[in-house]
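entry-v3.cif (mmCIF, C-alpha atoms) appears below.
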```
data_entry
loop_
_atom_site.group_PDB
_atom_site.id
_atom_site.type_symbol
_atom_site.label_atom_id
_atom_site.label_comp_id
_atom_site.auth_asym_id
_atom_site.auth_seq_id
_atom_site.Cartn_x
_atom_site.Cartn_y
_atom_site.Cartn_z
ATOM 1 C CA MET A 1 0.000 0.000 0.000
ATOM 2 C CA ARG A 2 1.100 3.534 -0.713
ATOM 3 C CA PRO A 3 0.758 6.249 1.933
ATOM 4 C CA LEU A 4 -2.004 8.809 1.682
ATOM 5 C CA PRO A 5 -0.974 12.236 0.393
ATOM 6 C CA GLN A 6 0.252 14.372 3.256
ATOM 7 C CA TRP A 7 -1.698 17.401 2.075
ATOM 8 C CA SER A 8 -4.909 18.001 0.146
ATOM 9 C CA THR A 9 -5.461 21.221 -1.768
ATOM 10 C CA ILE A 10 -9.144 22.056 -1.487
ATOM 11 C CA ALA A 11 -11.757 24.690 -2.280
ATOM 12 C CA VAL A 12 -13.657 26.011 0.751
ATOM 13 C CA ALA A 13 -15.975 28.998 1.093
ATOM 14 C CA PRO A 14 -14.505 31.181 3.863
ATOM 15 C CA PRO A 15 -14.648 31.109 6.764
ATOM 16 C CA GLN A 16 -14.358 27.332 7.040
ATOM 17 C CA GLN A 17 -16.944 25.873 9.430
ATOM 18 C CA ASP A 18 -16.323 22.152 9.002
ATOM 19 C CA VAL A 19 -13.891 21.782 11.912
ATOM 20 C CA THR A 20 -13.815 23.488 15.296
ATOM 21 C CA ALA A 21 -10.758 23.831 17.521
ATOM 22 C CA SER A 22 -11.024 23.775 21.311
ATOM 23 C CA LEU A 23 -8.351 24.512 23.886
ATOM 24 C CA ARG A 24 -8.773 22.419 27.068
ATOM 25 C CA TRP A 25 -7.039 22.878 30.422
ATOM 26 C CA ASN A 26 -7.850 22.310 34.125
ATOM 27 C CA HIS A 27 -11.468 21.237 33.409
ATOM 28 C CA GLN A 28 -11.948 24.388 31.314
ATOM 29 C CA SER A 29 -12.338 24.780 27.570
ATOM 30 C CA ALA A 30 -12.591 27.540 24.988
ATOM 31 C CA ASP A 31 -13.381 27.664 21.291
ATOM 32 C CA VAL A 32 -10.218 28.821 19.502
ATOM 33 C CA THR A 33 -11.226 28.058 15.908
ATOM 34 C CA THR A 34 -10.469 31.699 15.053
ATOM 35 C CA ASP A 35 -7.943 32.229 17.829
ATOM 36 C CA HIS A 36 -4.984 29.940 17.200
ATOM 37 C CA THR A 37 -2.334 29.692 14.532
ATOM 38 C CA VAL A 38 0.943 27.987 13.692
ATOM 39 C CA ALA A 39 3.707 30.360 14.816
ATOM 40 C CA SER A 40 6.759 28.367 13.702
ATOM 41 C CA LEU A 41 7.681 25.023 12.168
ATOM 42 C CA LYS A 42 10.957 24.430 14.015
ATOM 43 C CA PRO A 43 10.185 24.211 16.835
ATOM 44 C CA LEU A 44 6.581 23.473 15.915
ATOM 45 C CA SER A 45 4.647 26.119 17.829
ATOM 46 C CA ILE A 46 1.026 27.171 18.279
ATOM 47 C CA ALA A 47 0.007 30.699 19.301
ATOM 48 C CA THR A 48 -3.282 31.838 20.833
ATOM 49 C CA SER A 49 -4.703 34.841 22.684
ATOM 50 C CA LEU A 50 -5.539 32.609 25.646
ATOM 51 C CA ASP A 51 -3.257 31.589 28.488
ATOM 52 C CA ALA A 52 -4.381 28.021 29.124
ATOM 53 C CA GLY A 53 -1.731 27.113 31.641
ATOM 54 C CA ASP A 54 1.354 24.973 31.199
ATOM 55 C CA THR A 55 0.098 21.831 29.425
ATOM 56 C CA PRO A 56 -3.247 22.241 27.652
ATOM 57 C CA THR A 57 -4.574 20.158 24.778
ATOM 58 C CA LEU A 58 -5.868 21.437 21.451
ATOM 59 C CA GLU A 59 -8.731 19.338 20.057
ATOM 60 C CA TYR A 60 -10.035 19.411 16.487
ATOM 61 C CA THR A 61 -13.649 18.276 16.123
ATOM 62 C CA ASP A 62 -15.847 17.550 13.114
ATOM 63 C CA SER A 63 -18.561 20.204 13.359
ATOM 64 C CA ALA A 64 -21.236 17.989 11.809
ATOM 65 C CA THR A 65 -20.738 14.850 13.907
ATOM 66 C CA GLY A 66 -18.986 16.095 17.050
ATOM 67 C CA LYS A 67 -16.280 13.453 16.528
ATOM 68 C CA VAL A 68 -12.808 14.383 17.752
ATOM 69 C CA LEU A 69 -10.533 14.162 14.709
ATOM 70 C CA GLY A 70 -7.204 14.890 16.353
ATOM 71 C CA VAL A 71 -5.415 16.288 19.384
ATOM 72 C CA LEU A 72 -2.228 18.292 19.907
ATOM 73 C CA TYR A 73 -0.556 18.167 23.314
ATOM 74 C CA LEU A 74 1.010 21.517 24.142
ATOM 75 C CA ALA A 75 3.694 22.840 26.479
ATOM 76 C CA LYS A 76 3.851 26.533 27.314
ATOM 77 C CA ALA A 77 6.954 28.178 25.834
ATOM 78 C CA THR A 78 6.629 31.956 26.117
ATOM 79 C CA SER A 79 4.262 34.922 26.155
ATOM 80 C CA ILE A 80 4.354 37.986 23.919
ATOM 81 C CA ALA A 81 2.921 41.210 25.371
ATOM 82 C CA ILE A 82 2.035 43.745 22.710
ATOM 83 C CA GLU A 83 -0.249 46.812 22.775
ATOM 84 C CA GLY A 84 -2.322 45.659 25.712
ATOM 85 C CA ALA A 85 -2.702 42.113 24.398
ATOM 86 C CA CYS A 86 -0.894 38.958 25.440
ATOM 87 C CA ILE A 87 -0.202 36.100 23.027
ATOM 88 C CA THR A 88 0.751 32.730 24.503
ATOM 89 C CA VAL A 89 3.047 30.477 22.481
ATOM 90 C CA TYR A 90 3.059 26.717 23.009
ATOM 91 C CA HIS A 91 5.415 24.089 21.673
ATOM 92 C CA VAL A 92 3.792 20.882 20.432
ATOM 93 C CA SER A 93 4.906 17.990 22.639
ATOM 94 C CA GLY A 94 2.752 15.195 21.198
ATOM 95 C CA SER A 95 -0.251 14.396 19.047
ATOM 96 C CA GLU A 96 -2.758 11.822 17.873
ATOM 97 C CA HIS A 97 -5.471 11.679 15.244
ATOM 98 C CA ARG A 98 -8.515 9.491 14.728
ATOM 99 C CA CYS A 99 -9.217 10.041 11.038
ATOM 100 C CA LEU A 100 -8.029 6.550 10.111
ATOM 101 C CA PRO A 101 -8.810 3.295 11.922
ATOM 102 C CA TRP A 102 -6.083 1.298 13.592
ATOM 103 C CA PRO A 103 -3.951 -0.382 12.212
ATOM 104 C CA ARG A 104 -4.158 1.699 9.016
ATOM 105 C CA ARG A 105 -3.369 4.814 11.029
ATOM 106 C CA SER A 106 -0.012 3.480 12.228
ATOM 107 C CA TRP A 107 0.799 1.862 8.881
ATOM 108 C CA ASN A 108 0.099 5.086 6.962
ATOM 109 C CA GLN A 109 2.260 7.077 9.385
ATOM 110 C CA TRP A 110 5.123 4.587 8.975
ATOM 111 C CA LEU A 111 4.888 4.805 5.182
ATOM 112 C CA GLN A 112 4.757 8.619 5.219
ATOM 113 C CA ASN A 113 7.704 8.852 7.603
ATOM 114 C CA ARG A 114 9.751 6.561 5.368
ATOM 115 C CA VAL A 115 9.093 8.833 2.388
ATOM 116 C CA MET A 116 9.983 11.922 4.431
ATOM 117 C CA ARG A 117 13.302 10.467 5.552
ATOM 118 C CA LYS A 118 14.257 10.032 1.899
ATOM 119 C CA SER A 119 13.184 13.546 0.919
ATOM 120 C CA ASN A 120 14.975 16.863 1.329
ATOM 121 C CA THR A 121 12.312 19.174 -0.047
ATOM 122 C CA SER A 122 9.798 21.580 1.484
ATOM 123 C CA HIS A 123 8.945 20.933 5.142
ATOM 124 C CA HIS A 124 10.882 17.651 5.055
ATOM 125 C CA ALA A 125 14.279 19.353 5.080
ATOM 126 C CA LEU A 126 13.260 21.584 7.993
ATOM 127 C CA MET A 127 11.238 19.248 10.216
ATOM 128 C CA ASP A 128 11.649 15.702 11.467
ATOM 129 C CA PRO A 129 8.894 13.231 10.427
ATOM 130 C CA ASP A 130 7.180 13.248 13.839
ATOM 131 C CA SER A 131 6.851 17.040 13.717
ATOM 132 C CA VAL A 132 5.391 16.885 10.209
ATOM 133 C CA GLN A 133 2.789 14.403 11.486
ATOM 134 C CA GLN A 134 1.915 16.885 14.245
ATOM 135 C CA LEU A 135 1.711 19.708 11.700
ATOM 136 C CA MET A 136 -0.791 17.693 9.655
ATOM 137 C CA ILE A 137 -3.036 17.548 12.706
ATOM 138 C CA ALA A 138 -2.884 21.353 12.961
ATOM 139 C CA TYR A 139 -4.173 21.363 9.361
ATOM 140 C CA LEU A 140 -7.337 19.482 10.346
ATOM 141 C CA CYS A 141 -8.711 23.017 10.467
ATOM 142 C CA PRO A 142 -8.391 23.804 6.734
ATOM 143 C CA ARG A 143 -5.853 26.603 6.348
ATOM 144 C CA PRO A 144 -6.609 29.396 3.835
ATOM 145 C CA VAL A 145 -3.975 30.421 1.309
ATOM 146 C CA ILE A 146 -3.260 34.089 0.650
ATOM 147 C CA LEU A 147 -0.811 36.090 -1.431
ATOM 148 C CA VAL A 148 1.219 38.600 0.578
ATOM 149 C CA SER A 149 2.232 41.832 -1.173
ATOM 150 C CA VAL A 150 5.260 43.817 0.017
ATOM 151 C CA ASP A 151 6.062 47.225 -1.483
ATOM 152 C CA ALA A 152 8.934 49.388 -0.279
ATOM 153 C CA ARG A 153 11.579 51.575 -1.846
ATOM 154 C CA GLY A 154 13.801 49.325 -3.919
ATOM 155 C CA HIS A 155 11.837 46.173 -3.088
ATOM 156 C CA ARG A 156 8.574 44.673 -4.301
ATOM 157 C CA ASN A 157 7.287 41.145 -3.895
ATOM 158 C CA MET A 158 4.266 38.840 -3.791
ATOM 159 C CA PHE A 159 4.308 35.283 -2.435
ATOM 160 C CA PRO A 160 1.877 32.672 -0.999
ATOM 161 C CA MET A 161 1.401 31.898 2.699
ATOM 162 C CA ASP A 162 -0.882 29.656 4.750
ATOM 163 C CA LEU A 163 0.753 29.964 8.194
ATOM 164 C CA ILE A 164 -1.568 32.849 8.928
ATOM 165 C CA GLY A 165 -4.644 33.604 10.947
ATOM 166 C CA PRO A 166 -6.602 35.785 13.301
ATOM 167 C CA LEU A 167 -6.003 35.771 17.049
ATOM 168 C CA GLN A 168 -9.528 36.946 17.615
ATOM 169 C CA ARG A 169 -9.607 37.788 21.307
ATOM 170 C CA SER A 170 -6.595 40.092 20.932
ATOM 171 C CA ALA A 171 -7.815 41.603 17.633
ATOM 172 C CA LEU A 172 -4.398 40.756 16.187
ATOM 173 C CA PHE A 173 -3.610 38.921 12.956
ATOM 174 C CA SER A 174 -0.514 36.766 12.532
ATOM 175 C CA LEU A 175 1.848 35.749 9.751
ATOM 176 C CA ALA A 176 4.531 33.109 10.368
ATOM 177 C CA LEU A 177 7.145 33.659 7.654
ATOM 178 C CA ARG A 178 10.263 31.567 7.217
ATOM 179 C CA ASN A 179 13.171 33.803 8.194
ATOM 180 C CA THR A 180 15.014 32.947 4.964
ATOM 181 C CA ASN A 181 12.319 34.725 2.909
ATOM 182 C CA VAL A 182 13.885 37.527 0.858
ATOM 183 C CA SER A 183 11.196 39.997 1.999
ATOM 184 C CA GLU A 184 11.424 39.234 5.734
ATOM 185 C CA PRO A 185 13.738 42.151 6.648
ATOM 186 C CA VAL A 186 11.728 44.522 4.445
ATOM 187 C CA MET A 187 8.514 43.566 6.241
ATOM 188 C CA ARG A 188 10.187 44.301 9.577
ATOM 189 C CA ASP A 189 11.114 47.789 8.379
ATOM 190 C CA ALA A 190 8.086 48.722 6.255
ATOM 191 C CA CYS A 191 5.563 47.366 8.803
ATOM 192 C CA LYS A 192 2.776 47.057 6.256
ATOM 193 C CA VAL A 193 1.566 44.426 3.793
ATOM 194 C CA ALA A 194 -1.489 43.649 1.686
ATOM 195 C CA LEU A 195 -3.154 40.217 1.886
ATOM 196 C CA SER A 196 -5.096 38.813 -1.084
ATOM 197 C CA SER A 197 -7.444 35.875 -0.370
ATOM 198 C CA MET A 198 -7.068 33.644 -3.391
ATOM 199 C CA PRO A 199 -9.788 31.837 -5.356
ATOM 200 C CA ALA A 200 -9.248 28.088 -5.559
ATOM 201 C CA SER A 201 -9.378 28.359 -9.359
ATOM 202 C CA MET A 202 -6.041 30.238 -9.280
ATOM 203 C CA LYS A 203 -4.131 27.389 -7.590
ATOM 204 C CA GLY A 204 -1.531 27.005 -10.356
ATOM 205 C CA THR A 205 -0.744 30.700 -10.449
ATOM 206 C CA VAL A 206 -0.516 30.906 -6.652
ATOM 207 C CA TYR A 207 1.914 27.988 -6.443
ATOM 208 C CA LYS A 208 4.077 29.449 -9.200
ATOM 209 C CA LEU A 209 4.615 32.549 -7.065
ATOM 210 C CA ALA A 210 6.242 30.400 -4.352
ATOM 211 C CA GLU A 211 9.539 31.103 -6.143
ATOM 212 C CA HIS A 212 9.315 34.633 -4.770
ATOM 213 C CA HIS A 213 10.052 33.427 -1.260
ATOM 214 C CA LYS A 214 13.646 33.405 -2.510
ATOM 215 C CA GLN A 215 13.651 36.023 -5.247
ATOM 216 C CA ALA A 216 11.856 39.381 -5.197
ATOM 217 C CA LEU A 217 9.837 40.696 -8.121
ATOM 218 C CA ASP A 218 11.640 42.818 -10.667
ATOM 219 C CA ASP A 219 8.484 44.741 -11.467
ATOM 220 C CA TRP A 220 4.782 44.496 -10.638
ATOM 221 C CA THR A 221 4.036 44.136 -14.360
ATOM 222 C CA ALA A 222 5.848 40.768 -14.269
ATOM 223 C CA LEU A 223 2.913 39.228 -12.388
ATOM 224 C CA PRO A 224 0.667 36.904 -14.453
ATOM 225 C CA PHE A 225 -2.540 38.725 -13.470
ATOM 226 C CA PRO A 226 -3.865 42.278 -13.054
ATOM 227 C CA THR A 227 -3.398 44.081 -9.749
ATOM 228 C CA ARG A 228 -5.259 46.830 -7.942
ATOM 229 C CA PRO A 229 -3.984 49.169 -5.217
ATOM 230 C CA SER A 230 -4.936 48.300 -1.666
ATOM 231 C CA GLN A 231 -7.315 50.680 0.025
ATOM 232 C CA ALA A 232 -5.125 52.534 2.544
ATOM 233 C CA PHE A 233 -1.505 51.786 1.620
ATOM 234 C CA GLY A 234 -1.806 51.575 -2.170
ATOM 235 C CA ILE A 235 0.119 48.291 -2.270
ATOM 236 C CA PRO A 236 -0.531 46.241 -5.428
ATOM 237 C CA ALA A 237 -2.882 43.336 -4.591
ATOM 238 C CA VAL A 238 -4.611 40.743 -6.748
ATOM 239 C CA ALA A 239 -7.494 42.262 -8.710
ATOM 240 C CA ALA A 240 -9.296 38.884 -8.810
ATOM 241 C CA ALA A 241 -8.948 38.280 -5.042
ATOM 242 C CA LEU A 242 -12.004 37.338 -3.028
ATOM 243 C CA ARG A 243 -10.905 39.711 -0.298
ATOM 244 C CA ILE A 244 -8.091 42.224 0.210
ATOM 245 C CA ARG A 245 -6.909 43.168 3.689
ATOM 246 C CA GLU A 246 -4.111 45.454 4.793
ATOM 247 C CA LEU A 247 -2.036 44.658 7.844
ATOM 248 C CA SER A 248 -0.110 47.178 9.927
ATOM 249 C CA ILE A 249 2.652 45.132 11.554
ATOM 250 C CA VAL A 250 3.156 46.018 15.206
ATOM 251 C CA HIS A 251 5.579 43.289 16.298
ATOM 252 C CA ALA A 252 8.020 40.756 14.842
ATOM 253 C CA HIS A 253 9.182 37.893 17.052
ATOM 254 C CA ASP A 254 11.989 35.464 16.233
ATOM 255 C CA MET A 255 10.623 31.916 16.580
ATOM 256 C CA GLY A 256 13.399 29.607 15.434
ATOM 257 C CA SER A 257 12.795 28.812 11.764
ATOM 258 C CA HIS A 258 10.189 31.568 11.373
ATOM 259 C CA THR A 259 9.528 35.207 12.128
ATOM 260 C CA PHE A 260 6.164 35.579 13.815
ATOM 261 C CA PHE A 261 4.598 38.851 12.637
ATOM 262 C CA LEU A 262 1.680 40.333 14.554
ATOM 263 C CA GLY A 263 -0.415 43.147 13.188
ATOM 264 C CA ARG A 264 -3.725 44.954 13.136
ATOM 265 C CA MET A 265 -6.025 45.297 10.158
ATOM 266 C CA ALA A 266 -5.855 48.704 8.500
ATOM 267 C CA SER A 267 -8.548 47.888 5.922
ATOM 268 C CA ASP A 268 -10.720 44.989 4.830
ATOM 269 C CA GLU A 269 -12.434 44.768 1.434
ATOM 270 C CA ASP A 270 -14.775 41.854 0.687
ATOM 271 C CA LEU A 271 -14.799 41.883 -3.106
ATOM 272 C CA THR A 272 -16.685 38.767 -4.172
ATOM 273 C CA GLU A 273 -17.993 35.445 -2.881
ATOM 274 C CA GLY A 274 -16.397 32.175 -3.884
ATOM 275 C CA ALA A 275 -14.339 29.180 -2.830
ATOM 276 C CA GLN A 276 -10.912 30.052 -1.467
ATOM 277 C CA LEU A 277 -7.787 27.951 -1.826
ATOM 278 C CA HIS A 278 -7.167 25.966 1.380
ATOM 279 C CA HIS A 279 -4.894 23.186 2.593
ATOM 280 C CA THR A 280 -5.827 20.311 4.877
ATOM 281 C CA ALA A 281 -4.264 16.999 5.904
ATOM 282 C CA GLY A 282 -4.529 14.104 3.460
ATOM 283 C CA PHE A 283 -5.879 11.777 6.146
ATOM 284 C CA HIS A 284 -8.593 14.354 6.899
ATOM 285 C CA GLN A 285 -9.728 14.286 3.279
ATOM 286 C CA ALA A 286 -9.661 10.469 3.387
ATOM 287 C CA TYR A 287 -11.861 10.549 6.501
ATOM 288 C CA ARG A 288 -14.381 12.837 4.816
ATOM 289 C CA ARG A 289 -14.330 10.850 1.563
ATOM 290 C CA GLN A 290 -15.295 7.687 3.438
ATOM 291 C CA ARG A 291 -18.328 9.564 4.753
ATOM 292 C CA ASN A 292 -19.329 11.036 1.385
ATOM 293 C CA ALA A 293 -18.442 14.512 2.623
ATOM 294 C CA ALA A 294 -15.108 15.111 0.874
ATOM 295 C CA PHE A 295 -13.892 18.615 0.234
ATOM 296 C CA GLU A 296 -13.735 19.717 -3.396
ATOM 297 C CA GLU A 297 -10.142 19.153 -4.494
ATOM 298 C CA VAL A 298 -8.349 21.487 -6.886
#
```

Turn the structure described in the file into structure tokens.
Amino acid sequence: MRPLPQWSTIAVAPPQQDVTASLRWNHQSADVTTDHTVASLKPLSIATSLDAGDTPTLEYTDSATGKVLGVLYLAKATSIAIEGACITVYHVSGSEHRCLPWPRRSWNQWLQNRVMRKSNTSHHALMDPDSVQQLMIAYLCPRPVILVSVDARGHRNMFPMDLIGPLQRSALFSLALRNTNVSEPVMRDACKVALSSMPASMKGTVYKLAEHHKQALDDWTALPFPTRPSQAFGIPAVAAALRIRELSIVHAHDMGSHTFFLGRMASDEDLTEGAQLHHTAGFHQAYRRQRNAAFEEV
């Protein structure tokens, strides 16, 4: 048997409502579906506006059935105080998922880990196989894909990200960007970006722009689609985007492999309805397919 794909690229109307995330600690719980995000890949870290003590668990539940799909076990690492808000960062210490029955679950993990040990691309070169398995559980909540636009004197760029998300209780929005990205120091200095929510139909174009994590744009006219200026900052964003938001960056925190940017929304334009490009775990899609509730794949 071959392993399941690690990731499924899917079309979901935002905001996704198929999976809820709950933080549990000391006989307490809180819905953090819109208040948690991946803050770094190495070490694998989760950030939230809640302080849930030293060792909480993060549960992902199928909204339709109430079935727990997976759990991350967390260990408190640090807190970030910024503009009256406090963000708590947890390292992932363990995990489990229930999307596949035993023994297929263990067999699929063994097969995937074997492939990862032979690979030196993408997350595989950065993370050990166990951490990638934990990351897949974090993707049980389908993660939206955006294009980030950076525009500063002498530097312009646009590249895809999915390590993003609102930290709702703090009114902050986060971006976890690999610190090798060519635009990372510019974002620290310019403190403003535009975020284009991408239609699922533009998957190929979005993935092509991944090359700009390493190489900045020569000119905005080199992009394969029309742009429009963002509302407040005038940064070129995707004209065909479902939504364009502008983020004023208020803090950048070094988190190992990634820089964890925190910001506040300066503008928010809902332009059109439609299915947005998302990523989820391959075993999650397999779970839903068995129940005739698979996400639309693109």

Leu147 in chain A surroundings by only C-alpha atoms, 9 Å radius, close-in-sequence under 3 positions cut, as a list in words: Met158, Phe159, Pro160, Met161, Asp162, Ala194, Leu195, Ser196, Ser197, Met198, Val206, Leu209, Ala237 and Val238 of chain A

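For the pair CA of Trp25 in chain A and CA of Ala52 in chain A, the interatomic distance is 5.9 Å.
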
Radius query 12 Å about (-10.0, 8.3, 16.2), atoms used: all atoms listed in the file, as a PyMOL selection string: chain A and resi 59-62+66-71+95-106+283-284+287

Explicit residues for the PyMOL selection byres ((chain A and resi 163) around 9) (as a PDB file with C-alpha atoms, keeping the file's coordinate frame):
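Here's the written file out_21.pdb:
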```
ATOM      1  CA  THR A  37      -2.334  29.692  14.532  1.00  0.00           C
ATOM      2  CA  VAL A  38       0.943  27.987  13.692  1.00  0.00           C
ATOM      3  CA  ALA A  39       3.707  30.360  14.816  1.00  0.00           C
ATOM      4  CA  SER A  40       6.759  28.367  13.702  1.00  0.00           C
ATOM      5  CA  ARG A 143      -5.853  26.603   6.348  1.00  0.00           C
ATOM      6  CA  PRO A 144      -6.609  29.396   3.835  1.00  0.00           C
ATOM      7  CA  VAL A 145      -3.975  30.421   1.309  1.00  0.00           C
ATOM      8  CA  MET A 161       1.401  31.898   2.699  1.00  0.00           C
ATOM      9  CA  ASP A 162      -0.882  29.656   4.750  1.00  0.00           C
ATOM     10  CA  ILE A 164      -1.568  32.849   8.928  1.00  0.00           C
ATOM     11  CA  GLY A 165      -4.644  33.604  10.947  1.00  0.00           C
ATOM     12  CA  SER A 174      -0.514  36.766  12.532  1.00  0.00           C
ATOM     13  CA  LEU A 175       1.848  35.749   9.751  1.00  0.00           C
ATOM     14  CA  ALA A 176       4.531  33.109  10.368  1.00  0.00           C
ATOM     15  CA  LEU A 177       7.145  33.659   7.654  1.00  0.00           C
TER      16      LEU A 177
END
```

Evaluate the PyMOL selection byres ((chain A and resi 43-49) around 7) and report residues as a list in words: Asp35, His36, Thr37, Val38, Ala39, Ser40, Leu41, Lys42, Leu50, Asp51, Cys86, Ile87, Thr88, Val89, Tyr90, His91, Val92, Ser131, Leu167, Arg169, Ser170 and Gly256 of chain A

Computed interatomic separation between CA of Tyr73 in chain A and CA of His27 in chain A (Å):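 Distance reported for this atom pair: 15.2 Å.
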
Atom-to-atom span, CA of Val32 in chain A and CA of Val148 in chain A, Å: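 Taking CA of Val32 in chain A and CA of Val148 in chain A, their separation equals 24.2 Å.
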